[in-house]
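Undergrad: Before I ask anything, let me first share the structure, which is written out below as structure tokens.
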Amino acid sequence: MTESLPLTVAIKDVVGQPLRLDASAVDHLGALCLQVLIAAARQWQADQIAFEIAPMSEAFIKALHNFGLPGSALTEEAA
């Protein structure tokens, strides 16, 4: 089952507010969720509002690397 829809809904509920996501319990990061996170990071950057994903589990960081992205790929500075 994909978690992209609940993730999208949760993020949409806080548009316009600083956002910190805890990825410490992530054991799998799929492409759809990654797309949602990239879109959110870019939107928050465009709106000049704080966006952070921390802490990140080893599985989350490994998934980013498997997609060809550095661990910092979803920070507001790198998005």
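Letters A, B, ... go to the chains of the structure tokens in the order shown; residues in each chain start at 1; ligands are counted from 1 in the same order.
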Taking the backbone alone, and naming residues the way the document does, which bits of chain A are helix (DSSP H, G or I) by DSSP, as a PyMOL selection string?
TA: chain A and resi 4-12+31-47+58-66
Undergrad: Quick one: residues within 8 Å of range 47-53 of chain A, only C-alpha atoms counted, chain neighbours fewer than 2 positions away excluded, as a count of residues only?
TA: 17
Undergrad: Considering only C-alpha atoms, state which residue in the set A:Ala40, A:Lys62, A:Ala54, A:Gly30 is at the smallest distance from Asp13 in chain A.
TA: A:Ala40
Undergrad: Which of these residues is nearest to Glu58 in chain A, using only C-alpha atoms: A:Val36, A:Ala25, A:Ile11, A:Ala73?
TA: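 Counting only C-alpha atoms, the residue closest to Glu58 in chain A is A:Ala25.
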Undergrad: When distances are computed from only C-alpha atoms, which of A:Ile38, A:Ser24, A:Leu7, A:Thr2 shows the smallest separation from Leu69 in chain A?
TA: A:Ile38
Undergrad: If DSSP is run on the backbone, what residues of range 35-77 of chain A are strand (DSSP E or B)? A reply as an NGL selection string would be ideal.
TA: :A and (51-56)
Undergrad: Keeping N, CA, C and O atoms for every residue in the selection just given, could you write it to a file as a short mmCIF file (atom, residue, chain, number, x, y, z; two decimals), in the first residue's frame?
TA:
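Once everything was written out, this is part-v3.cif:
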```
data_model
loop_
_atom_site.label_atom_id
_atom_site.label_comp_id
_atom_site.auth_asym_id
_atom_site.auth_seq_id
_atom_site.Cartn_x
_atom_site.Cartn_y
_atom_site.Cartn_z
N PHE A 51 11.38 24.32 6.10
CA PHE A 51 11.02 22.95 5.76
C PHE A 51 12.20 22.07 6.13
O PHE A 51 13.33 22.34 5.73
N GLU A 52 11.93 21.02 6.89
CA GLU A 52 13.02 20.14 7.32
C GLU A 52 12.50 18.71 7.45
O GLU A 52 11.35 18.49 7.84
N ILE A 53 13.35 17.78 7.11
CA ILE A 53 13.08 16.37 7.38
C ILE A 53 14.20 15.89 8.29
O ILE A 53 15.35 15.79 7.87
N ALA A 54 13.86 15.65 9.55
CA ALA A 54 14.86 15.23 10.52
C ALA A 54 14.15 14.68 11.75
O ALA A 54 13.10 15.21 12.12
N PRO A 55 14.70 13.69 12.34
CA PRO A 55 15.83 12.89 11.85
C PRO A 55 15.40 11.98 10.70
O PRO A 55 14.20 11.78 10.48
N MET A 56 16.39 11.46 10.00
CA MET A 56 16.15 10.53 8.89
C MET A 56 16.72 9.17 9.27
O MET A 56 17.86 9.08 9.72
#
```
Undergrad: Which residues are close to Ala63 in chain A, i.e. within 12 Å by only C-alpha atoms, leaving aside same-chain residues fewer than 2 positions away? Reply as number ranges by chain.
TA: A: 23, 26-31, 33-34, 56-61, 65-71, 73
